Amino acid sequence: MDPAVNKAADAMPAPRTAPEVRRRGDPFYLIMGFVSLLIVLAGFFPTYISPVVNGTFVAKPFVHLHGSLFFLWILFSIIQPLLVSTGHTALHRKTGVALGVFAIAMVVMGVSMAIISAKVDISRGDDLRPGSFLLIPLTDMLLFTLFAGLGILRNRTPQDHKRLMLLATVAILPAPFTRLLGGLGL
């Protein structure tokens, strides 16, 4: 074979192949984050958001702190999948570490708020509501702790991690969801 032909063949670029398509997250989790946000906004609008905006909501700072912590978790249920879907997995992981500590604060706040709410109802003479009401938020916090904890432990297995974190988010939705249903007369 002619050496000039070999040199020409070596100089030619390799044929182009289709670029590698990297799947950057399932939009389902981002959509579920937005659904969670809508449930929270619709559920708490009549009983919390609107009265706060109108200046008619009166509560101790503890109530606002509780609401802020849980609302931030819902916002991060959108931000975290968004970070993954845009290729910012390193930031997703760093934020996730902080959210692990944040989840602990949420559990402490959620359990405290449930107990305080039950005590207030008892002091008002409501004999039925406190016991039954207390079971719901304590169960929510137990499920949130379980799913968030397992999600953190399974952070190296994305398929498990994202499902568990979604379940942790769903575990804190009964409060706004029942308010939403109540507002709809259901």
# chains A, B, ... in the order shown; residues from 1 in each chain; ligands from 1

call {"tool": "residues_around", "arguments": {"residues": "Leu41 of chain A", "least_positions_apart": "3", "cutoff": "12 Å", "atoms": "only C-alpha atoms", "output": "list in words"}}
result
Phe34, Val35, Ser36, Leu37, Leu38, Phe44, Phe45, Pro46, Thr47, Tyr48, Ile49, Ser50, Gly67, Phe70, Phe71, Ile74, Leu75, Leu173, Ala175, Pro176, Phe177, Arg179 and Leu180 of chain A

call {"tool": "write_last_selection", "arguments": {"atoms": "C-alpha atoms", "output": "PDB file, in the first residue's frame"}}
result
ATOM      1  CA  PHE A  34     -44.776  21.336  41.999  1.00  0.00           C
ATOM      2  CA  VAL A  35     -47.873  19.280  42.844  1.00  0.00           C
ATOM      3  CA  SER A  36     -46.771  19.275  46.496  1.00  0.00           C
ATOM      4  CA  LEU A  37     -46.325  23.048  46.368  1.00  0.00           C
ATOM      5  CA  LEU A  38     -49.804  23.505  44.909  1.00  0.00           C
ATOM      6  CA  PHE A  44     -52.958  26.741  53.744  1.00  0.00           C
ATOM      7  CA  PHE A  45     -54.180  29.746  51.763  1.00  0.00           C
ATOM      8  CA  PRO A  46     -57.494  30.217  53.599  1.00  0.00           C
ATOM      9  CA  THR A  47     -56.254  29.369  57.097  1.00  0.00           C
ATOM     10  CA  TYR A  48     -52.710  30.755  57.102  1.00  0.00           C
ATOM     11  CA  ILE A  49     -51.413  32.530  53.986  1.00  0.00           C
ATOM     12  CA  SER A  50     -54.351  34.885  53.410  1.00  0.00           C
ATOM     13  CA  GLY A  67     -44.626  26.736  58.727  1.00  0.00           C
ATOM     14  CA  PHE A  70     -42.009  22.761  56.240  1.00  0.00           C
ATOM     15  CA  PHE A  71     -42.574  25.198  53.375  1.00  0.00           C
ATOM     16  CA  ILE A  74     -41.518  21.697  49.839  1.00  0.00           C
ATOM     17  CA  LEU A  75     -39.496  24.280  47.904  1.00  0.00           C
ATOM     18  CA  LEU A 173     -48.738  16.583  53.005  1.00  0.00           C
ATOM     19  CA  ALA A 175     -51.988  18.713  56.953  1.00  0.00           C
ATOM     20  CA  PRO A 176     -52.375  20.883  53.844  1.00  0.00           C
ATOM     21  CA  PHE A 177     -54.325  18.197  51.985  1.00  0.00           C
ATOM     22  CA  ARG A 179     -57.273  21.614  54.908  1.00  0.00           C
ATOM     23  CA  LEU A 180     -57.721  21.692  51.149  1.00  0.00           C
TER      24      LEU A 180
END

call {"tool": "select_by_dssp", "arguments": {"residues": "segment 8-184 of chain A", "states": "helix (DSSP H, G or I)", "output": "ChimeraX atom specification"}}
result
/A:8-11,27-54,61-85,89-123,129-153,158-171,174-183

call {"tool": "closest_residue", "arguments": {"among": "A:His161, A:His88, A:Lys60, A:Arg154", "to": "Ser117 of chain A", "atoms": "only C-alpha atoms"}}
result
A:Lys60

call {"tool": "closest_residue", "arguments": {"among": "A:Val63, A:Ala114, A:Val52, A:Leu99", "to": "Met141 of chain A", "atoms": "only C-alpha atoms"}}
result
A:Ala114

call {"tool": "residues_around", "arguments": {"residues": "Leu153 of chain A", "least_positions_apart": "3", "cutoff": "12 Å", "atoms": "only C-alpha atoms", "output": "PDB file with N, CA and C atoms, in the first residue's frame"}}
result
ATOM      1  N   GLY A  96     -28.055  18.515  49.729  1.00  0.00           N
ATOM      2  CA  GLY A  96     -28.648  17.353  50.395  1.00  0.00           C
ATOM      3  C   GLY A  96     -28.093  17.123  51.779  1.00  0.00           C
ATOM      4  N   VAL A  97     -26.793  17.370  51.965  1.00  0.00           N
ATOM      5  CA  VAL A  97     -26.187  17.222  53.297  1.00  0.00           C
ATOM      6  C   VAL A  97     -26.845  18.202  54.266  1.00  0.00           C
ATOM      7  N   GLY A 100     -30.288  17.159  55.217  1.00  0.00           N
ATOM      8  CA  GLY A 100     -30.329  16.084  56.210  1.00  0.00           C
ATOM      9  C   GLY A 100     -30.420  16.649  57.612  1.00  0.00           C
ATOM     10  N   THR A 145     -39.552  10.799  59.064  1.00  0.00           N
ATOM     11  CA  THR A 145     -38.243  10.413  59.595  1.00  0.00           C
ATOM     12  C   THR A 145     -37.748   9.136  58.921  1.00  0.00           C
ATOM     13  N   LEU A 146     -38.626   8.159  58.807  1.00  0.00           N
ATOM     14  CA  LEU A 146     -38.265   6.885  58.184  1.00  0.00           C
ATOM     15  C   LEU A 146     -37.835   7.078  56.732  1.00  0.00           C
ATOM     16  N   PHE A 147     -38.664   7.752  55.944  1.00  0.00           N
ATOM     17  CA  PHE A 147     -38.364   7.895  54.515  1.00  0.00           C
ATOM     18  C   PHE A 147     -37.178   8.820  54.258  1.00  0.00           C
ATOM     19  N   ALA A 148     -37.114   9.944  54.968  1.00  0.00           N
ATOM     20  CA  ALA A 148     -35.980  10.860  54.775  1.00  0.00           C
ATOM     21  C   ALA A 148     -34.685  10.187  55.227  1.00  0.00           C
ATOM     22  N   GLY A 149     -34.738   9.496  56.367  1.00  0.00           N
ATOM     23  CA  GLY A 149     -33.548   8.801  56.855  1.00  0.00           C
ATOM     24  C   GLY A 149     -33.063   7.734  55.892  1.00  0.00           C
ATOM     25  N   LEU A 150     -33.993   6.927  55.400  1.00  0.00           N
ATOM     26  CA  LEU A 150     -33.610   5.900  54.415  1.00  0.00           C
ATOM     27  C   LEU A 150     -33.128   6.542  53.121  1.00  0.00           C
ATOM     28  N   ARG A 156     -26.471   6.975  47.535  1.00  0.00           N
ATOM     29  CA  ARG A 156     -25.587   6.486  46.464  1.00  0.00           C
ATOM     30  C   ARG A 156     -26.332   5.634  45.443  1.00  0.00           C
ATOM     31  N   THR A 157     -27.601   5.375  45.709  1.00  0.00           N
ATOM     32  CA  THR A 157     -28.444   4.618  44.775  1.00  0.00           C
ATOM     33  C   THR A 157     -29.574   5.549  44.336  1.00  0.00           C
ATOM     34  N   PRO A 158     -29.362   6.282  43.239  1.00  0.00           N
ATOM     35  CA  PRO A 158     -30.325   7.317  42.843  1.00  0.00           C
ATOM     36  C   PRO A 158     -31.775   6.840  42.716  1.00  0.00           C
ATOM     37  N   ASP A 160     -33.356   4.532  44.382  1.00  0.00           N
ATOM     38  CA  ASP A 160     -33.938   4.414  45.727  1.00  0.00           C
ATOM     39  C   ASP A 160     -34.059   5.786  46.382  1.00  0.00           C
ATOM     40  N   HIS A 161     -32.990   6.566  46.285  1.00  0.00           N
ATOM     41  CA  HIS A 161     -32.917   7.869  46.951  1.00  0.00           C
ATOM     42  C   HIS A 161     -34.073   8.777  46.551  1.00  0.00           C
ATOM     43  N   LYS A 162     -34.293   8.939  45.257  1.00  0.00           N
ATOM     44  CA  LYS A 162     -35.323   9.883  44.826  1.00  0.00           C
ATOM     45  C   LYS A 162     -36.726   9.409  45.197  1.00  0.00           C
ATOM     46  N   LEU A 164     -37.483   7.554  47.882  1.00  0.00           N
ATOM     47  CA  LEU A 164     -37.610   7.728  49.333  1.00  0.00           C
ATOM     48  C   LEU A 164     -37.795   9.196  49.702  1.00  0.00           C
ATOM     49  N   MET A 165     -37.105  10.095  49.021  1.00  0.00           N
ATOM     50  CA  MET A 165     -37.263  11.523  49.328  1.00  0.00           C
ATOM     51  C   MET A 165     -38.648  12.015  48.912  1.00  0.00           C
TER      52      MET A 165
END
